[in-house]
$ cat structure.txt   # compact mmCIF, C-alpha atoms
# COMPACT_ATOMS: atom_id res chain seq x y z
CA MET Q 1 -61.95 39.87 -24.83
CA VAL Q 2 -58.46 38.96 -23.81
CA GLY Q 3 -55.33 38.52 -25.81
CA GLN Q 4 -56.02 40.61 -28.90
CA LYS Q 5 -53.65 43.40 -28.00
CA GLU Q 6 -50.01 43.23 -28.94
CA ILE Q 7 -50.42 40.08 -31.00
CA LEU Q 8 -47.46 39.78 -33.27
CA THR Q 9 -47.44 37.10 -35.92
CA ALA Q 10 -44.23 35.80 -37.40
CA LYS Q 11 -45.04 37.71 -40.57
CA GLU Q 12 -45.48 40.96 -38.64
CA LEU Q 13 -42.30 40.25 -36.80
CA GLU Q 14 -40.51 40.03 -40.13
CA GLU Q 15 -42.09 43.27 -41.36
CA GLU Q 16 -41.29 45.13 -38.19
CA SER Q 17 -37.80 43.79 -38.22
CA SER Q 18 -37.16 44.92 -41.78
CA GLU Q 19 -38.38 48.42 -40.93
CA GLN Q 20 -35.89 48.81 -38.18
CA GLU Q 21 -32.63 48.00 -39.83
CA THR Q 22 -31.04 50.59 -37.61
CA GLY Q 23 -32.48 48.93 -34.52
CA GLU Q 24 -35.22 50.85 -32.75
CA SER Q 25 -35.32 48.65 -29.68
CA ALA Q 26 -33.22 45.87 -28.31
CA GLU Q 27 -36.28 43.69 -27.82
CA HIS Q 28 -37.33 43.95 -31.48
CA TYR Q 29 -33.79 43.37 -32.64
CA GLU Q 30 -33.58 40.23 -30.55
CA ALA Q 31 -36.87 39.01 -31.98
CA GLN Q 32 -35.59 39.62 -35.50
CA GLU Q 33 -32.36 37.80 -34.82
CA LEU Q 34 -34.22 34.93 -33.24
CA LEU Q 35 -36.53 34.67 -36.21
CA LYS Q 36 -33.62 34.63 -38.62
CA LYS Q 37 -31.92 32.00 -36.53
CA MET Q 38 -35.00 29.81 -36.48
CA GLN Q 39 -35.50 30.16 -40.23
CA ILE Q 40 -32.11 28.76 -41.03
CA GLU Q 41 -32.50 25.80 -38.74
CA PRO Q 42 -33.25 22.53 -40.54
CA ASP Q 43 -36.59 22.12 -38.77
CA ASN Q 44 -38.35 25.43 -38.99
CA SER Q 45 -41.86 24.10 -39.40
CA TRP Q 46 -42.89 26.01 -36.29
CA ALA Q 47 -42.44 29.28 -38.14
CA GLU Q 48 -44.68 28.29 -41.04
CA GLU Q 49 -47.19 26.97 -38.57
CA THR Q 50 -47.14 30.25 -36.66
CA LYS Q 51 -47.95 32.14 -39.83
CA GLU Q 52 -50.75 29.81 -40.75
CA GLY Q 53 -52.14 29.46 -37.33
CA SER Q 54 -51.88 33.01 -36.10
CA GLY Q 55 -55.58 33.57 -36.51
CA SER Q 56 -54.91 36.66 -38.60
CA GLU Q 57 -54.37 34.77 -41.84
CA GLU Q 58 -57.38 34.51 -44.11
CA VAL Q 59 -58.08 30.98 -45.26
CA GLN Q 60 -59.97 30.90 -48.49
CA LEU Q 61 -62.81 28.43 -48.22
CA GLN Q 62 -64.23 26.78 -51.29
CA PRO Q 63 -67.50 28.53 -52.23
CA TRP Q 64 -69.42 25.26 -52.07
CA MET Q 65 -68.43 24.89 -48.42
CA LYS Q 66 -70.56 27.89 -47.46
CA PHE Q 67 -73.55 26.54 -49.41
CA GLU Q 68 -73.08 23.17 -47.81
CA ALA Q 69 -72.96 24.74 -44.34
CA GLN Q 70 -76.24 26.54 -44.99
CA SER Q 71 -77.79 23.34 -46.25
CA LEU Q 72 -76.66 21.47 -43.12
CA VAL Q 73 -78.28 24.07 -40.88
CA GLU Q 74 -81.56 23.70 -42.72
CA ARG Q 75 -81.77 19.93 -42.92
CA GLN Q 76 -80.29 19.12 -39.54
CA THR Q 77 -82.44 16.92 -37.34
CA THR Q 78 -82.09 17.57 -33.66
CA ILE Q 79 -82.36 14.59 -31.35
CA SER Q 80 -82.75 16.14 -27.90
CA SER Q 81 -84.32 19.09 -26.13
CA HIS Q 82 -80.85 20.41 -25.29
CA GLU Q 83 -80.02 20.53 -28.97
CA GLN Q 84 -83.28 22.24 -29.69
CA ILE Q 85 -82.45 24.98 -27.18
CA ILE Q 86 -79.05 25.55 -28.70
CA ARG Q 87 -80.56 25.55 -32.15
CA THR Q 88 -83.39 27.98 -31.56
CA HIS Q 89 -82.58 30.35 -28.72
CA GLU Q 90 -81.55 33.82 -29.66
CA ALA Q 91 -77.90 34.70 -29.26
CA LEU Q 92 -77.17 37.54 -26.90
CA GLN Q 93 -73.63 38.59 -26.17
CA ALA Q 94 -70.73 37.00 -28.04
CA SER Q 95 -67.08 37.32 -27.12
CA ASP Q 96 -64.05 36.23 -29.11
CA LEU Q 97 -61.88 34.09 -26.86
CA GLY Q 98 -58.72 35.37 -28.47
CA GLY Q 99 -56.93 32.10 -29.12
CA GLY Q 100 -53.96 32.00 -31.44
CA VAL Q 101 -55.39 29.56 -33.99
CA ASN Q 102 -59.00 28.83 -34.94
CA ARG Q 103 -61.53 31.43 -33.87
CA VAL Q 104 -63.66 30.43 -30.90
CA GLU Q 105 -66.44 32.46 -29.34
CA PHE Q 106 -68.40 32.28 -26.12
CA VAL Q 107 -72.04 33.08 -26.91
CA GLU Q 108 -74.71 33.62 -24.31
CA LEU Q 109 -78.15 32.38 -25.33
CA LYS Q 110 -81.35 34.12 -24.33
CA ASP Q 111 -83.02 32.43 -21.34
CA ASP Q 112 -80.84 29.34 -21.27
CA GLY Q 113 -77.11 28.89 -20.97
CA SER Q 114 -74.24 29.56 -23.31
CA VAL Q 115 -72.40 27.87 -26.14
CA ILE Q 116 -68.90 27.53 -27.46
CA PHE Q 117 -69.18 28.63 -31.07
CA LYS Q 118 -66.61 27.74 -33.71
CA PRO Q 119 -67.43 29.41 -37.04
CA ILE Q 120 -66.41 27.85 -40.33
CA ASP Q 121 -64.81 31.17 -41.28
CA GLY Q 122 -62.53 30.97 -38.26
CA GLU Q 123 -60.98 27.61 -39.16
CA VAL Q 124 -57.27 27.49 -39.96
CA PRO Q 125 -54.92 24.59 -40.74
CA ILE Q 126 -53.64 22.88 -37.61
CA GLY Q 127 -50.83 20.35 -37.75
CA LYS Q 128 -50.05 19.73 -41.40
CA LYS Q 129 -48.51 16.35 -40.66
CA THR Q 130 -50.93 14.90 -38.14
CA ASN Q 131 -54.03 16.38 -39.70
CA ALA Q 132 -53.02 16.35 -43.34
CA HIS Q 133 -56.25 14.61 -44.33
CA ILE Q 134 -58.53 17.05 -42.57
CA GLU Q 135 -59.66 19.89 -44.74
CA VAL Q 136 -60.18 23.36 -43.35
CA GLY Q 137 -63.88 24.13 -43.56
CA THR Q 138 -64.87 20.74 -42.14
CA TYR Q 139 -63.96 21.11 -38.45
CA TYR Q 140 -67.41 22.35 -37.45
CA LYS Q 141 -69.00 19.30 -39.07
CA ARG Q 142 -66.68 16.96 -37.18
CA GLU Q 143 -67.75 18.58 -33.91
CA ARG Q 144 -71.37 17.72 -34.73
CA ALA Q 145 -70.48 14.23 -36.00
CA ALA Q 146 -68.57 13.45 -32.79
CA TYR Q 147 -71.60 14.41 -30.72
CA LEU Q 148 -73.92 12.23 -32.81
CA VAL Q 149 -71.58 9.23 -32.57
CA SER Q 150 -71.25 9.74 -28.82
CA GLU Q 151 -75.01 9.64 -28.43
CA TYR Q 152 -75.66 6.88 -30.94
CA PHE Q 153 -73.31 4.43 -29.27
CA GLY Q 154 -74.27 5.44 -25.74
CA PHE Q 155 -71.03 7.11 -24.67
CA HIS Q 156 -72.70 10.39 -23.69
CA LEU Q 157 -69.36 12.16 -23.52
CA VAL Q 158 -69.75 15.09 -25.90
CA PRO Q 159 -71.88 18.07 -24.85
CA PRO Q 160 -74.86 18.69 -27.17
CA THR Q 161 -73.47 20.15 -30.38
CA ILE Q 162 -75.36 21.46 -33.37
CA ILE Q 163 -74.61 23.45 -36.50
CA ARG Q 164 -76.25 26.84 -36.57
CA GLU Q 165 -75.96 30.39 -37.71
CA LEU Q 166 -74.99 32.92 -35.07
CA ASN Q 167 -74.51 36.58 -35.82
CA GLY Q 168 -74.32 35.92 -39.55
CA GLU Q 169 -71.81 33.07 -39.40
CA ILE Q 170 -72.32 29.32 -39.53
CA GLY Q 171 -70.39 26.98 -37.27
CA SER Q 172 -70.62 24.44 -34.50
CA ALA Q 173 -72.37 25.51 -31.31
CA GLN Q 174 -71.67 23.30 -28.32
CA GLU Q 175 -73.33 23.59 -24.93
CA PHE Q 176 -71.01 25.30 -22.46
CA ILE Q 177 -70.36 23.29 -19.28
CA PRO Q 178 -69.98 25.69 -16.37
CA ASP Q 179 -67.66 24.89 -13.45
CA ALA Q 180 -65.92 22.06 -15.31
CA LYS Q 181 -62.20 21.55 -14.78
CA PRO Q 182 -59.66 20.51 -17.40
CA ALA Q 183 -58.47 16.97 -16.68
CA TYR Q 184 -54.87 18.04 -16.23
CA GLU Q 185 -55.75 19.65 -12.93
CA LEU Q 186 -55.86 16.15 -11.46
CA LEU Q 187 -52.49 15.05 -12.79
CA LYS Q 188 -49.71 14.25 -10.39
CA ARG Q 189 -46.29 15.80 -10.66
CA ASP Q 190 -44.82 12.74 -12.33
CA ARG Q 191 -46.23 10.88 -15.29
CA SER Q 192 -48.30 8.44 -13.27
CA SER Q 193 -51.71 8.00 -14.70
CA LEU Q 194 -54.85 9.92 -14.10
CA LEU Q 195 -56.57 6.60 -13.46
CA GLU Q 196 -54.17 5.77 -10.68
CA LYS Q 197 -54.53 9.17 -9.16
CA LEU Q 198 -58.28 8.85 -9.15
CA ASN Q 199 -58.12 5.35 -7.75
CA VAL Q 200 -55.97 6.58 -4.88
CA VAL Q 201 -58.42 9.33 -4.14
CA GLY Q 202 -61.12 6.68 -4.11
CA LYS Q 203 -64.19 8.83 -3.79
CA ARG Q 204 -67.36 7.55 -5.38
CA ARG Q 205 -67.29 10.47 -7.77
CA ASP Q 206 -63.77 9.57 -8.82
CA LYS Q 207 -64.73 5.98 -9.46
CA LYS Q 208 -67.19 7.36 -11.94
CA TYR Q 209 -64.30 9.15 -13.61
CA ILE Q 210 -62.50 5.84 -14.09
CA ASP Q 211 -65.49 4.40 -15.88
CA ALA Q 212 -65.81 7.56 -17.93
CA LEU Q 213 -62.11 7.44 -18.86
CA ASN Q 214 -62.57 3.90 -20.13
CA ARG Q 215 -65.41 5.17 -22.26
CA LEU Q 216 -63.33 8.07 -23.49
CA PHE Q 217 -60.54 5.80 -24.65
CA ILE Q 218 -62.89 3.62 -26.68
CA PHE Q 219 -64.77 6.65 -27.97
CA ASP Q 220 -61.61 8.35 -29.15
CA HIS Q 221 -60.61 5.17 -30.90
CA LEU Q 222 -64.00 5.08 -32.58
CA ILE Q 223 -63.91 8.70 -33.78
CA TRP Q 224 -60.18 8.42 -34.46
CA SER Q 225 -59.27 11.48 -32.48
CA LEU Q 226 -55.58 12.34 -32.64
CA ASP Q 227 -56.09 15.46 -30.63
CA ARG Q 228 -57.22 14.27 -27.21
CA HIS Q 229 -55.10 15.37 -24.28
CA PRO Q 230 -55.80 16.26 -20.66
CA GLY Q 231 -56.36 19.87 -21.70
CA ASN Q 232 -59.41 19.10 -23.84
CA PHE Q 233 -61.57 16.87 -21.79
CA LEU Q 234 -63.34 18.26 -18.78
CA LEU Q 235 -64.24 16.79 -15.43
CA LYS Q 236 -67.32 17.66 -13.48
CA GLU Q 237 -69.22 15.71 -10.84
CA GLY Q 238 -67.96 12.33 -11.97
CA ASN Q 239 -68.64 12.98 -15.63
CA ILE Q 240 -66.23 13.54 -18.46
CA HIS Q 241 -67.00 16.01 -21.22
CA ALA Q 242 -65.06 15.41 -24.42
CA ILE Q 243 -64.72 18.78 -26.12
CA ASP Q 244 -62.71 20.08 -29.06
CA ASN Q 245 -63.50 17.33 -31.56
CA GLY Q 246 -62.94 19.37 -34.71
CA LEU Q 247 -59.97 17.26 -35.78
CA ALA Q 248 -61.65 13.90 -35.23
CA PHE Q 249 -62.34 11.26 -37.90
CA ASN Q 250 -58.78 11.51 -39.06
CA LYS Q 251 -57.53 9.02 -41.62
CA LYS Q 252 -54.08 8.30 -40.27
CA GLY Q 253 -53.20 4.67 -39.69
CA ASP Q 254 -53.53 2.66 -36.49
CA GLU Q 255 -49.85 2.62 -35.78
CA GLU Q 256 -49.48 6.38 -35.92
CA TYR Q 257 -52.59 6.85 -33.87
CA LEU Q 258 -51.40 4.65 -31.03
CA LYS Q 259 -47.97 6.24 -31.09
CA TRP Q 260 -49.56 9.63 -30.68
CA ARG Q 261 -51.83 8.50 -27.89
CA ALA Q 262 -48.88 7.06 -26.03
CA HIS Q 263 -47.64 10.62 -25.69
CA MET Q 264 -50.57 11.73 -23.64
CA PRO Q 265 -49.22 12.64 -20.22
CA GLY Q 266 -50.95 10.94 -17.35
CA PHE Q 267 -53.30 8.97 -19.53
CA GLN Q 268 -52.92 5.28 -20.08
CA TYR Q 269 -55.14 2.62 -21.48
CA THR Q 270 -57.18 0.19 -19.53
CA LYS Q 271 -58.51 -3.10 -20.76
CA VAL Q 272 -61.66 -2.79 -18.71
CA ALA Q 273 -64.41 -1.99 -21.16
CA PRO Q 274 -67.72 -0.71 -19.76
CA ALA Q 275 -70.34 -3.44 -20.12
CA ASP Q 276 -72.98 -1.21 -21.66
CA ILE Q 277 -70.57 0.01 -24.33
CA VAL Q 278 -69.50 -3.53 -25.17
CA ALA Q 279 -73.14 -4.56 -25.46
CA ARG Q 280 -73.97 -1.55 -27.62
CA LEU Q 281 -71.07 -2.13 -29.99
CA GLN Q 282 -71.95 -5.81 -30.27
CA GLU Q 283 -75.53 -4.92 -31.04
CA PHE Q 284 -74.33 -2.53 -33.74
CA ALA Q 285 -72.10 -5.17 -35.29
CA SER Q 286 -74.89 -7.72 -35.40
CA ARG Q 287 -77.64 -5.53 -36.86
CA PRO Q 288 -77.05 -4.29 -40.42
CA GLU Q 289 -79.88 -1.77 -40.21
CA GLN Q 290 -77.93 0.12 -37.54
CA GLU Q 291 -75.06 0.55 -39.95
CA GLU Q 292 -77.50 2.29 -42.25
CA ASP Q 293 -78.65 4.47 -39.33
CA ILE Q 294 -75.22 5.78 -38.53
CA ARG Q 295 -74.37 6.23 -42.21
CA SER Q 296 -77.49 8.29 -42.57
CA GLN Q 297 -76.63 10.45 -39.55
CA MET Q 298 -73.11 11.07 -40.81
CA GLU Q 299 -74.17 11.95 -44.34
CA GLY Q 300 -73.05 15.47 -45.19
CA LEU Q 301 -70.88 15.66 -42.07
CA LEU Q 302 -68.12 13.27 -43.13
CA SER Q 303 -66.86 12.06 -46.49
CA ALA Q 304 -67.97 8.66 -47.77
CA GLU Q 305 -64.51 7.32 -47.02
CA GLU Q 306 -64.59 8.66 -43.47
CA ILE Q 307 -68.02 7.13 -42.89
CA ASP Q 308 -66.77 3.78 -44.18
CA ALA Q 309 -63.82 4.05 -41.79
CA LEU Q 310 -66.10 4.84 -38.86
CA VAL Q 311 -68.31 1.84 -39.54
CA TYR Q 312 -65.25 -0.36 -39.95
CA ARG Q 313 -63.80 0.79 -36.64
CA ALA Q 314 -67.10 0.29 -34.83
CA LYS Q 315 -67.22 -3.32 -36.01
CA GLU Q 316 -63.57 -3.94 -35.28
CA ILE Q 317 -63.77 -2.46 -31.79
CA ALA Q 318 -66.91 -4.54 -31.14
CA LYS Q 319 -64.98 -7.64 -32.12
CA LYS Q 320 -61.95 -6.76 -30.03
CA VAL Q 321 -63.75 -5.80 -26.87
CA SER Q 322 -65.75 -9.01 -27.16
CA GLU Q 323 -62.59 -11.06 -27.39
CA ASN Q 324 -60.39 -9.26 -24.91
CA ALA Q 325 -62.28 -7.04 -22.55
CA VAL Q 326 -62.51 -7.97 -18.91
CA ILE Q 327 -65.74 -6.67 -17.60
CA TYR Q 328 -66.60 -6.41 -13.94
CA ASP Q 329 -69.49 -4.67 -12.30
CA ASP Q 330 -67.61 -3.79 -9.19
CA LEU Q 331 -64.52 -1.62 -9.06
CA SER Q 332 -62.79 -3.75 -6.42
CA ASP Q 333 -63.21 -6.86 -8.61
CA ARG Q 334 -61.82 -4.96 -11.53
CA ASN Q 335 -58.93 -3.79 -9.46
CA ARG Q 336 -58.10 -7.33 -8.28
CA ALA Q 337 -58.26 -8.63 -11.81
CA ALA Q 338 -55.83 -5.95 -12.84
CA GLY Q 339 -53.37 -7.02 -10.17
CA GLY Q 340 -54.22 -4.10 -7.97
CA LYS Q 341 -53.53 -1.58 -10.68
CA LEU Q 342 -56.27 -0.32 -12.87
CA ASP Q 343 -54.08 1.58 -15.25
CA ILE Q 344 -52.58 -1.38 -17.09
CA LYS Q 345 -52.36 -1.10 -20.83
CA PHE Q 346 -54.38 -2.95 -23.38
CA ASN Q 347 -52.81 -6.21 -24.34
CA LYS Q 348 -51.04 -6.57 -27.67
CA ASP Q 349 -54.10 -7.87 -29.46
CA TYR Q 350 -56.13 -4.88 -28.53
CA GLU Q 351 -53.44 -2.38 -29.35
CA GLY Q 352 -52.81 -3.93 -32.73
CA MET V 1 -41.88 37.08 -26.81
CA LYS V 2 -44.56 35.48 -24.72
CA VAL V 3 -47.75 33.44 -24.87
CA GLU V 4 -50.65 33.83 -22.49
CA ILE V 5 -52.98 30.96 -21.60
CA TYR V 6 -56.53 31.91 -20.69
CA LYS V 7 -59.18 29.99 -18.83
CA LEU V 8 -62.83 30.66 -19.58
CA ASN V 9 -65.05 31.65 -16.67
CA ASN V 10 -68.77 30.92 -16.37
CA ASP V 11 -69.74 34.45 -17.36
CA GLY V 12 -67.66 34.40 -20.54
CA SER V 13 -64.81 36.43 -19.13
CA GLN V 14 -61.30 35.01 -19.17
CA SER V 15 -58.50 34.77 -16.64
CA VAL V 16 -54.83 34.33 -17.39
CA VAL V 17 -53.77 31.00 -15.85
CA ALA V 18 -50.21 31.03 -17.16
CA THR V 19 -47.80 33.23 -19.05
CA CYS V 20 -44.86 31.65 -20.85
CA SER V 21 -42.00 33.92 -21.86
CA LEU V 22 -38.86 33.35 -23.85
CA GLU V 23 -35.88 34.05 -21.65
CA SER V 24 -32.55 33.41 -23.35
CA ASP V 25 -33.24 30.23 -25.32
CA LYS V 26 -35.67 28.70 -22.87
CA VAL V 27 -39.24 29.32 -21.94
CA MET V 28 -40.18 30.28 -18.41
CA CYS V 29 -43.80 29.81 -17.41
CA ARG V 30 -45.52 31.48 -14.51
CA GLY V 31 -49.06 30.92 -13.33
CA ASP V 32 -51.21 28.51 -11.40
CA SER V 33 -49.53 25.38 -10.16
CA GLU V 34 -51.72 22.82 -12.00
CA THR V 35 -51.17 24.48 -15.34
CA LEU V 36 -47.43 24.82 -14.77
CA ARG V 37 -47.16 21.16 -13.78
CA TYR V 38 -48.98 20.19 -16.95
CA LEU V 39 -46.79 22.36 -19.16
CA GLU V 40 -43.65 20.92 -17.62
CA GLN V 41 -44.75 17.45 -18.72
CA GLY V 42 -44.54 18.46 -22.34
CA ILE V 43 -46.97 19.47 -25.07
CA GLY V 44 -47.51 17.34 -28.18
CA ASP V 45 -46.57 18.99 -31.46
CA PRO V 46 -49.06 17.96 -34.16
CA GLU V 47 -46.48 18.94 -36.74
CA THR V 48 -43.79 16.49 -35.72
CA ASP V 49 -45.53 14.10 -33.31
CA GLU V 50 -42.96 14.94 -30.65
CA LEU V 51 -43.33 16.29 -27.16
CA LEU V 52 -42.00 19.79 -26.67
CA TYR V 53 -40.83 21.16 -23.34
CA PRO V 54 -40.07 24.68 -22.08
CA LYS V 55 -36.41 24.00 -22.79
CA ASP V 56 -37.29 23.81 -26.50
CA GLY V 57 -37.77 27.57 -26.53
CA VAL V 58 -39.70 29.17 -29.38
CA ARG V 59 -40.95 25.85 -30.69
CA PHE V 60 -42.64 25.27 -27.34
CA LEU V 61 -44.16 28.75 -27.41
CA ALA V 62 -45.45 28.25 -30.94
CA VAL V 63 -47.17 24.95 -30.19
CA LEU V 64 -49.17 26.24 -27.21
CA LYS V 65 -51.85 27.83 -29.37
CA THR V 66 -52.54 24.58 -31.21
CA HIS V 67 -52.83 22.72 -27.93
CA PHE V 68 -55.07 25.14 -26.06
CA LYS V 69 -57.77 25.92 -28.61
CA SER V 70 -60.95 24.52 -27.07
CA GLY V 71 -62.26 27.85 -25.81
CA TYR V 72 -62.30 26.60 -22.22
CA LEU V 73 -58.56 27.04 -22.44
CA SER V 74 -57.04 29.25 -25.11
CA ALA V 75 -53.47 30.22 -25.80
CA SER V 76 -52.68 33.45 -27.55
CA ALA V 77 -50.44 33.77 -30.57
CA ILE V 78 -46.92 34.89 -29.78
CA LEU V 79 -47.16 38.36 -28.26
CA SER V 80 -44.47 40.99 -28.37
$ encode --input "structure.txt" --output "structure tokens"
Amino acid sequence: MVGQKEILTAKELEEESSEQETGESAEHYEAQELLKKMQIEPDNSWAEETKEGSGSEEVQLQPWMKFEAQSLVERQTTISSHEQIIRTHEALQASDLGGGVNRVEFVELKDDGSVIFKPIDGEVPIGKKTNAHIEVGTYYKRERAAYLVSEYFGFHLVPPTIIRELNGEIGSAQEFIPDAKPAYELLKRDRSSLLEKLNVVGKRRDKKYIDALNRLFIFDHLIWSLDRHPGNFLLKEGNIHAIDNGLAFNKKGDEEYLKWRAHMPGFQYTKVAPADIVARLQEFASRPEQEEDIRSQMEGLLSAEEIDALVYRAKEIAKKVSENAVIYDDLSDRNRAAGGKLDIKFNKDYEG
Amino acid sequence: MKVEIYKLNNDGSQSVVATCSLESDKVMCRGDSETLRYLEQGIGDPETDELLYPKDGVRFLAVLKTHFKSGYLSASAILS
């Protein structure tokens, strides 16, 4: 385990500082002074956030949340052999990954691979403004919901994710992808887009990344992820793996969402929608029984309001990609249509 | 005051890919070039919806842990 030693939360800093009025070390004194300075600044939200998100603060979960978690483990229906492995194989060694906010563990499974485990008890509030509507104690369910949506609509972006009990705790367990690189490793020095960079590289594998990035954009719109950035999607052999979906299915409005996404360094929108995704969304929009399917899959994972919002977005995106998307089978055709640049933004209609 | 950023290896061990330290009022980051380049481009603050840069000092340090929380990449809390 790395990073557990010497961790000093803002609260501890305050305590230590008050104990050493006479000044035991220059370093501690400086920290105290800095803390005081930050606390009197008009915008000191970082300090509150540090306290909340230090990982050492206990967050009291509602008792029913634990019962609900147990119930989800028991009535969960797995849809693939990968899920079944994650669900049933015995956990061997587990290591706390020592992050500063929510608790995350790497757990090796007997005979087959490893998982990233995020226990419900390790959840802490993250981003009071952006994620105000997302209750602590629901992140693990959103991880599972994102996986199910990814599979249901044919995106295949999220590694198999289930809810299970490991070492006495319930949380999300997601298949670990070995040898994957965070997307930011392919960013250029300036803010030019990842798409452009990949297009310049021009390998077949990288062309697959372009298609996968298009999928990721639509997928994130569908699951209303405000938290995607080049540090939490992975690249490996032409595939993208969308991880860290615990803050998805947010309820913030379109305008805020697009503003946030515009901040993502090196990531811009494309209007080229993958044909299979367009077809799948159109099929969904035209067949009422599929709405019932997805509602049924999301039951217990998301609130009724969040499920309504998901269904609404799926229909709206289906409509918009049908009206606006330019779909080409061949990358060179797509590139020509985009005026030689694949990283153009969605037009106004799509963005709105 | 510093924050360490860890990358997860296949065997579950972790390596430090960058260390960001407060020096005067600014943050200095040291580590592998890809991670440094990424950090220089700014990190989104979920609290305020703004991008924070190393020049923003402690606020930049504090936001790292909310950004790198996937497990594949993890940032520590602020260390002494």
$ residues_near_point --input "structure.txt" --point "(-70.9, 26.8, -45.2)" --cutoff "10 Å" --atoms "only C-alpha atoms" --output "PyMOL selection string"
chain Q and resi 61-73+119-121+137-138+140-141+165+169-171
$ residues_around --input "structure.txt" --residues "Ile5 in chain V" --least-positions-apart "6" --cutoff "8 Å" --atoms "all atoms listed in the file" --output "CSV table (one decimal) with C-alpha atoms, in the coordinates of the input"
chain,number,residue,atom,x,y,z
V,16,VAL,CA,-54.8,34.3,-17.4
V,17,VAL,CA,-53.8,31.0,-15.8
V,18,ALA,CA,-50.2,31.0,-17.2
V,19,THR,CA,-47.8,33.2,-19.0
V,68,PHE,CA,-55.1,25.1,-26.1
V,73,LEU,CA,-58.6,27.0,-22.4
V,74,SER,CA,-57.0,29.2,-25.1
V,75,ALA,CA,-53.5,30.2,-25.8
V,76,SER,CA,-52.7,33.4,-27.6
$ atom_distance --input "structure.txt" --atom1 "CA of Ile78 in chain V" --atom2 "CA of Met1 in chain V"
6.2 Å
$ atom_distance --input "structure.txt" --atom1 "CA of Val158 in chain Q" --atom2 "CA of His241 in chain Q"
5.5 Å
$ closest_atom_pairs --input "structure.txt" --of "chain V" --to "chain Q" --cutoff "7 Å" --atoms "all atoms listed in the file" --output "JSON lines"
{"residue": "V:Asn10", "atom": "CA", "partner": "Q:Pro178", "partner_atom": "CA", "distance": 5.4}
{"residue": "V:Gly12", "atom": "CA", "partner": "Q:Phe106", "partner_atom": "CA", "distance": 6.0}
{"residue": "V:Gln14", "atom": "CA", "partner": "Q:Val2", "partner_atom": "CA", "distance": 6.7}
{"residue": "V:Glu34", "atom": "CA", "partner": "Q:Glu185", "partner_atom": "CA", "distance": 5.2}
{"residue": "V:Arg37", "atom": "CA", "partner": "Q:Arg189", "partner_atom": "CA", "distance": 6.3}
{"residue": "V:Tyr38", "atom": "CA", "partner": "Q:Tyr184", "partner_atom": "CA", "distance": 6.3}
{"residue": "V:Gln41", "atom": "CA", "partner": "Q:Pro265", "partner_atom": "CA", "distance": 6.7}
{"residue": "V:Pro46", "atom": "CA", "partner": "Q:Gly127", "partner_atom": "CA", "distance": 4.7}
{"residue": "V:Glu47", "atom": "CA", "partner": "Q:Gly127", "partner_atom": "CA", "distance": 4.7}
{"residue": "V:Thr48", "atom": "CA", "partner": "Q:Lys129", "partner_atom": "CA", "distance": 6.8}
{"residue": "V:Asp49", "atom": "CA", "partner": "Q:Trp260", "partner_atom": "CA", "distance": 6.6}
{"residue": "V:Arg59", "atom": "CA", "partner": "Q:Trp46", "partner_atom": "CA", "distance": 5.9}
{"residue": "V:Ala62", "atom": "CA", "partner": "Q:Thr50", "partner_atom": "CA", "distance": 6.3}
{"residue": "V:Lys65", "atom": "CA", "partner": "Q:Gly100", "partner_atom": "CA", "distance": 5.1}
{"residue": "V:Thr66", "atom": "CA", "partner": "Q:Val101", "partner_atom": "CA", "distance": 6.4}
{"residue": "V:Phe68", "atom": "CA", "partner": "Q:Gly231", "partner_atom": "CA", "distance": 7.0}
{"residue": "V:Lys69", "atom": "CA", "partner": "Q:Gly99", "partner_atom": "CA", "distance": 6.3}
{"residue": "V:Ser70", "atom": "CA", "partner": "Q:Asp244", "partner_atom": "CA", "distance": 5.2}
{"residue": "V:Gly71", "atom": "CA", "partner": "Q:Val104", "partner_atom": "CA", "distance": 5.9}
{"residue": "V:Ser74", "atom": "CA", "partner": "Q:Gly99", "partner_atom": "CA", "distance": 4.9}
{"residue": "V:Ala75", "atom": "CA", "partner": "Q:Gly99", "partner_atom": "CA", "distance": 5.2}
{"residue": "V:Ser76", "atom": "CA", "partner": "Q:Gly100", "partner_atom": "CA", "distance": 4.3}
{"residue": "V:Ala77", "atom": "CA", "partner": "Q:Gly100", "partner_atom": "CA", "distance": 4.0}
{"residue": "V:Ile78", "atom": "CA", "partner": "Q:Leu8", "partner_atom": "CA", "distance": 6.0}
{"residue": "V:Leu79", "atom": "CA", "partner": "Q:Ile7", "partner_atom": "CA", "distance": 4.6}
{"residue": "V:Ser80", "atom": "CA", "partner": "Q:Leu8", "partner_atom": "CA", "distance": 5.9}
$ atom_distance --input "structure.txt" --atom1 "CA of Leu61 in chain V" --atom2 "CA of Ile223 in chain Q"
28.9 Å
$ residues_near_point --input "structure.txt" --point "(-78.2, 30.8, -26.2)" --cutoff "9 Å" --atoms "all atoms listed in the file" --output "ChimeraX atom specification"
/Q:85-92,107-115,175
$ residues_around --input "structure.txt" --residues "Gly42 in chain V" --least-positions-apart "3" --cutoff "8 Å" --atoms "only C-alpha atoms" --output "list in words"
Pro265 of chain Q; Tyr38, Leu39, Leu51, Leu52, Tyr53 and Pro54 of chain V
$ closest_residue --input "structure.txt" --among "Q:Trp224, Q:Ala145, Q:Ile79, Q:Ala285" --to "Lys320 in chain Q" --atoms "all atoms listed in the file"
Q:Ala285
$ axis_aligned_box --input "structure.txt" --around "range 60-78 of chain Q" --padding-each-side "6 Å" --output "AutoDock Vina command-line options"
--center_x -71.2 --center_y 23.9 --center_z -42.9 --size_x 34.5 --size_y 26.0 --size_z 30.6
